[in-house]
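Contents: one structure, followed by commentary.
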Amino acid sequence: MRRRSAAGAPRRSASLRLRVALASGLASLVVVVLVGVLASVLLTREQTDRLDRSLVLGAPEVLGTFASTRADVAVTLRGPMGTRRVSGPELPASPLGIPTSVEVGGVPYRIRTAPGPTPGVLVTVGATEDDTRARVAERRRLVTVLGVVAVALAAGLGWVFAGRAVRPLGRLIAQAATLDQAAADPTEPPPTVRADGSRESEELAEALSAMLARLHAEQERSTASLHAARDFAAAARHELRTPLTAMRTDLEVLRAHPDLPERDEVLADVLRAQARVEATLSALGQLAAGDLPEATDRDAIGVADLLRLAAEDARRAHPELEVVVDEPAAGTAGAVRASLEGLRMALANTVVNAVRHGGAGSVRLGAHTGEDGGVVLTVDDDGRGLPADEREAVLGRFVRGSTAGAPGSGLGLALVAQQAARHGGQVRLGESPTGGLHVSLAIGPDRAG
């Protein structure tokens, strides 16, 4: 189907060219018909007026000469002595001074009545209309021939110029016929449509390119959303199978043995498993949301304000934790263009990791300018830290360090790494000056304000 559509592009271009030529011919035909009708009316009127003016030559003082030199002229006199033919057939009376068309013996005449040479005498002069009608018919034929030539010429010129005008559109049609093949691979950039030759075709090509770019962006979003949903489902099935199985086992034990002496311990296991399921689902949801295409519009966030909000979040979630905020180092950008919620979540997960798995009693939040000109957010704790050979691995999903002091999903630092990547930077783990773990979250310079 695609090949037939692409092969049919030249035929559609030729068909369009033919329609333009036919439209040109039809338009010229309408104009020629209107002009012909108008010309016919004007020619008839001009020849009739000419004939009427010739009848004035039949005035009495030149009557004899006029009658003798014009064989197609008839003259009739009317007076007290009756009616007398001077030449030609007897003409009927007509209104005085008004040219009138009549038929005399089956022959069309144009007659005119005027006062005669003596009082009481009227002279009616007439001339046949055959010559006038013949001249009008001849000129009508000439106008008709010229009109036919004009219509044919207009159609021919329409075909020639339509070919030049339609050629860019034909190329545009040919490109549009193969767009589905060019856009088959969503990993490739969106195809660009080009059509040089006319302003209209170029504007149409630009509009198509913009539409394809929007469709490609939506396709990328849909693909990313589908992958995120699949990853979420696969991870949820993998990570939740064990705690859910344990919960079901504990609940079946409680149902089978209502008076079990270890009832409180079993219930505590159920609550711990429920908390683990809830935490895992929350982390998976955050990861799935982070996998979706990010919005391009971001707010300018003050670095000092971001650290203050992160400290408030940490104190609220861990009242026993000592939280220290260092003022941003001199020269650090005052603001960054970033997602406030995303960075708050990343810093919160860093603090949770320090408290829950590192056993930290205090954390220190700070910021400075990175080597690439961006902003680097830092979190230092006094916990157990992390072996150097595990620091890269724990940034992956479902990976937990050997020093982790509590059950977990292994997604906390993966969420931090995800947010760093979304902001054009990365996460580095090291040893904190206070003995625990040092976490630096870099925001790329293109995100810094």
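Residues in the structure tokens are numbered from 1 in each chain, the chains being A, B, ... in the order shown, and ligands are numbered from 1 in the order shown.
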
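The shell of residues at most 7 Å from segment 128-144 of chain A, with only C-alpha atoms counted and near chain neighbours (fewer than 6 positions) removed, consists of Gly36, Ser40, Leu43, Thr44, Gln47, Asp72, Val73, Pro108, Tyr109 and Arg110 of chain A.
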
Practice item. Check segment 106-156 of chain A with DSSP on the backbone and list each residue it calls helix (DSSP H, G or I), as an MDAnalysis selection string. Key: chainID A and resid 130:156

Just-selected residues, C-alpha atoms written as a tab-separated table (two decimals), in the first residue's frame:
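out.tsv was written with the following content:
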chain	number	residue	atom	x	y	z
A	130	ASP	CA	-29.96	42.87	-44.65
A	131	ASP	CA	-26.51	44.45	-45.02
A	132	THR	CA	-26.52	45.58	-41.39
A	133	ARG	CA	-27.45	42.12	-40.17
A	134	ALA	CA	-24.83	40.54	-42.43
A	135	ARG	CA	-22.09	42.80	-41.07
A	136	VAL	CA	-23.19	42.05	-37.47
A	137	ALA	CA	-23.19	38.29	-38.19
A	138	GLU	CA	-19.74	38.50	-39.76
A	139	ARG	CA	-18.31	40.32	-36.77
A	140	ARG	CA	-20.01	37.89	-34.38
A	141	ARG	CA	-18.27	35.02	-36.18
A	142	LEU	CA	-14.98	36.87	-35.83
A	143	VAL	CA	-15.58	37.39	-32.10
A	144	THR	CA	-16.49	33.70	-31.74
A	145	VAL	CA	-13.31	32.56	-33.47
A	146	LEU	CA	-11.19	34.88	-31.38
A	147	GLY	CA	-12.97	33.65	-28.25
A	148	VAL	CA	-12.26	29.99	-29.09
A	149	VAL	CA	-8.62	30.85	-29.71
A	150	ALA	CA	-8.48	32.76	-26.41
A	151	VAL	CA	-9.99	29.81	-24.49
A	152	ALA	CA	-7.55	27.36	-26.06
A	153	LEU	CA	-4.65	29.70	-25.38
A	154	ALA	CA	-5.74	30.18	-21.75
A	155	ALA	CA	-6.01	26.41	-21.24
A	156	GLY	CA	-2.59	25.88	-22.80

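Using only C-alpha atoms, the smallest distance between any of A:Leu251, A:Leu429, A:Ala329, A:Leu267 and Thr369 of chain A comes from A:Ala329.
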
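Neighbours of segment 95-100 of chain A closer than or equal to 7 Å, with only C-alpha atoms counted and sequence neighbours fewer than 6 positions away skipped, come out as Asp52, Arg110, Ile111, Arg112, Thr113 and Ala114 of chain A.
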
File of the preceding selection, C-alpha atoms, as a compact mmCIF listing (two decimals), in the first residue's frame:
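Result written to again-v3.txt:
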# COMPACT_ATOMS: atom_id res chain seq x y z
CA ASP A 52 -30.22 55.34 -38.59
CA ARG A 110 -35.43 50.53 -40.95
CA ILE A 111 -37.59 53.62 -41.61
CA ARG A 112 -37.68 57.19 -40.47
CA THR A 113 -40.35 59.88 -41.11
CA ALA A 114 -39.51 63.57 -41.40

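Of the residues under consideration (A:Ser54, A:Gln219, A:Gln274, A:Thr124), A:Thr124 shows the shortest atom-to-atom contact distance to Thr83 of chain A when counting only C-alpha atoms.
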
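Minimum atom-to-atom distances from A:Pro387, A:Gly444, A:Pro258, A:Gly412 to Gly430 of chain A were compared using only C-alpha atoms, and the lowest value belongs to A:Pro387.
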
Check your understanding: Which of segment 68-172 of chain A counts as strand (DSSP E or B) under DSSP, as JSON, numbers by chain please?
Key -> {"A": [73, 74, 75, 76, 77, 78, 79, 82, 83, 84, 85, 86, 87, 96, 100, 101, 102, 103, 104, 107, 108, 109, 110, 111, 112, 113, 114, 115, 122, 123, 124, 125, 126, 127, 128]}

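Residue nearest Asp305 of chain A, chosen from A:Gly425, A:Arg53, A:Glu265, A:Pro328 and counting only C-alpha atoms: A:Pro328.
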
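Non-sequential neighbours of Glu371 of chain A (distance at most 12 Å, separation of 3 or more positions within a chain, only C-alpha atoms) are Thr332, His368, Gly374, Val375, Val376, Gly425, Ala442, Ile443, Gly444 and Pro445 of chain A.
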
So that I have them on file, write out the residues from the current selection with C-alpha atoms, as a PDB file, in the first residue's frame.
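The new file result-v5.pdb reads:
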ATOM      1  CA  THR A 332      27.513  29.555  43.674  1.00  0.00           C
ATOM      2  CA  HIS A 368      28.779  24.778  45.672  1.00  0.00           C
ATOM      3  CA  GLY A 374      26.589  23.866  37.369  1.00  0.00           C
ATOM      4  CA  VAL A 375      25.400  23.600  40.959  1.00  0.00           C
ATOM      5  CA  VAL A 376      26.311  20.668  43.215  1.00  0.00           C
ATOM      6  CA  GLY A 425      23.966  15.902  36.087  1.00  0.00           C
ATOM      7  CA  ALA A 442      25.131  17.732  40.399  1.00  0.00           C
ATOM      8  CA  ILE A 443      22.773  19.854  38.308  1.00  0.00           C
ATOM      9  CA  GLY A 444      24.081  20.473  34.803  1.00  0.00           C
ATOM     10  CA  PRO A 445      25.018  24.026  33.784  1.00  0.00           C
TER      11      PRO A 445
END

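Distances from A:Leu26, A:Leu309, A:Ala414, A:Leu122 to Asn353 of chain A were compared using only C-alpha atoms, and the smallest one belongs to A:Ala414.
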
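Across A:Val323, A:Leu395, A:Ala317, A:Leu415, the tightest approach to Asn349 of chain A is made by A:Leu415 when counting only C-alpha atoms.
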
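For segment 244-249 of chain A, the non-local neighbours within 8 Å, defined as residues at least 6 positions apart in the same chain or in other chains and counting only C-alpha atoms, are A:Asp269, A:Val270, A:Ala273, A:Gln274, A:Val277.
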
Residues from the last selection, N, CA and C atoms, saved as a short mmCIF file (atom, residue, chain, number, x, y, z; two decimals), in the first residue's frame:
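Done, and the output landed in out.cif:
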data_model
loop_
_atom_site.label_atom_id
_atom_site.label_comp_id
_atom_site.auth_asym_id
_atom_site.auth_seq_id
_atom_site.Cartn_x
_atom_site.Cartn_y
_atom_site.Cartn_z
N ASP A 269 5.19 -9.12 62.44
CA ASP A 269 5.75 -9.48 61.13
C ASP A 269 4.84 -9.00 59.99
N VAL A 270 3.54 -9.15 60.19
CA VAL A 270 2.59 -8.69 59.16
C VAL A 270 2.70 -7.19 58.96
N ALA A 273 5.91 -6.39 57.10
CA ALA A 273 5.77 -6.72 55.68
C ALA A 273 4.88 -5.70 54.96
N GLN A 274 3.80 -5.27 55.65
CA GLN A 274 2.92 -4.26 55.05
C GLN A 274 3.66 -2.94 54.84
N VAL A 277 5.89 -3.35 51.84
CA VAL A 277 5.12 -3.28 50.59
C VAL A 277 4.76 -1.84 50.26
#
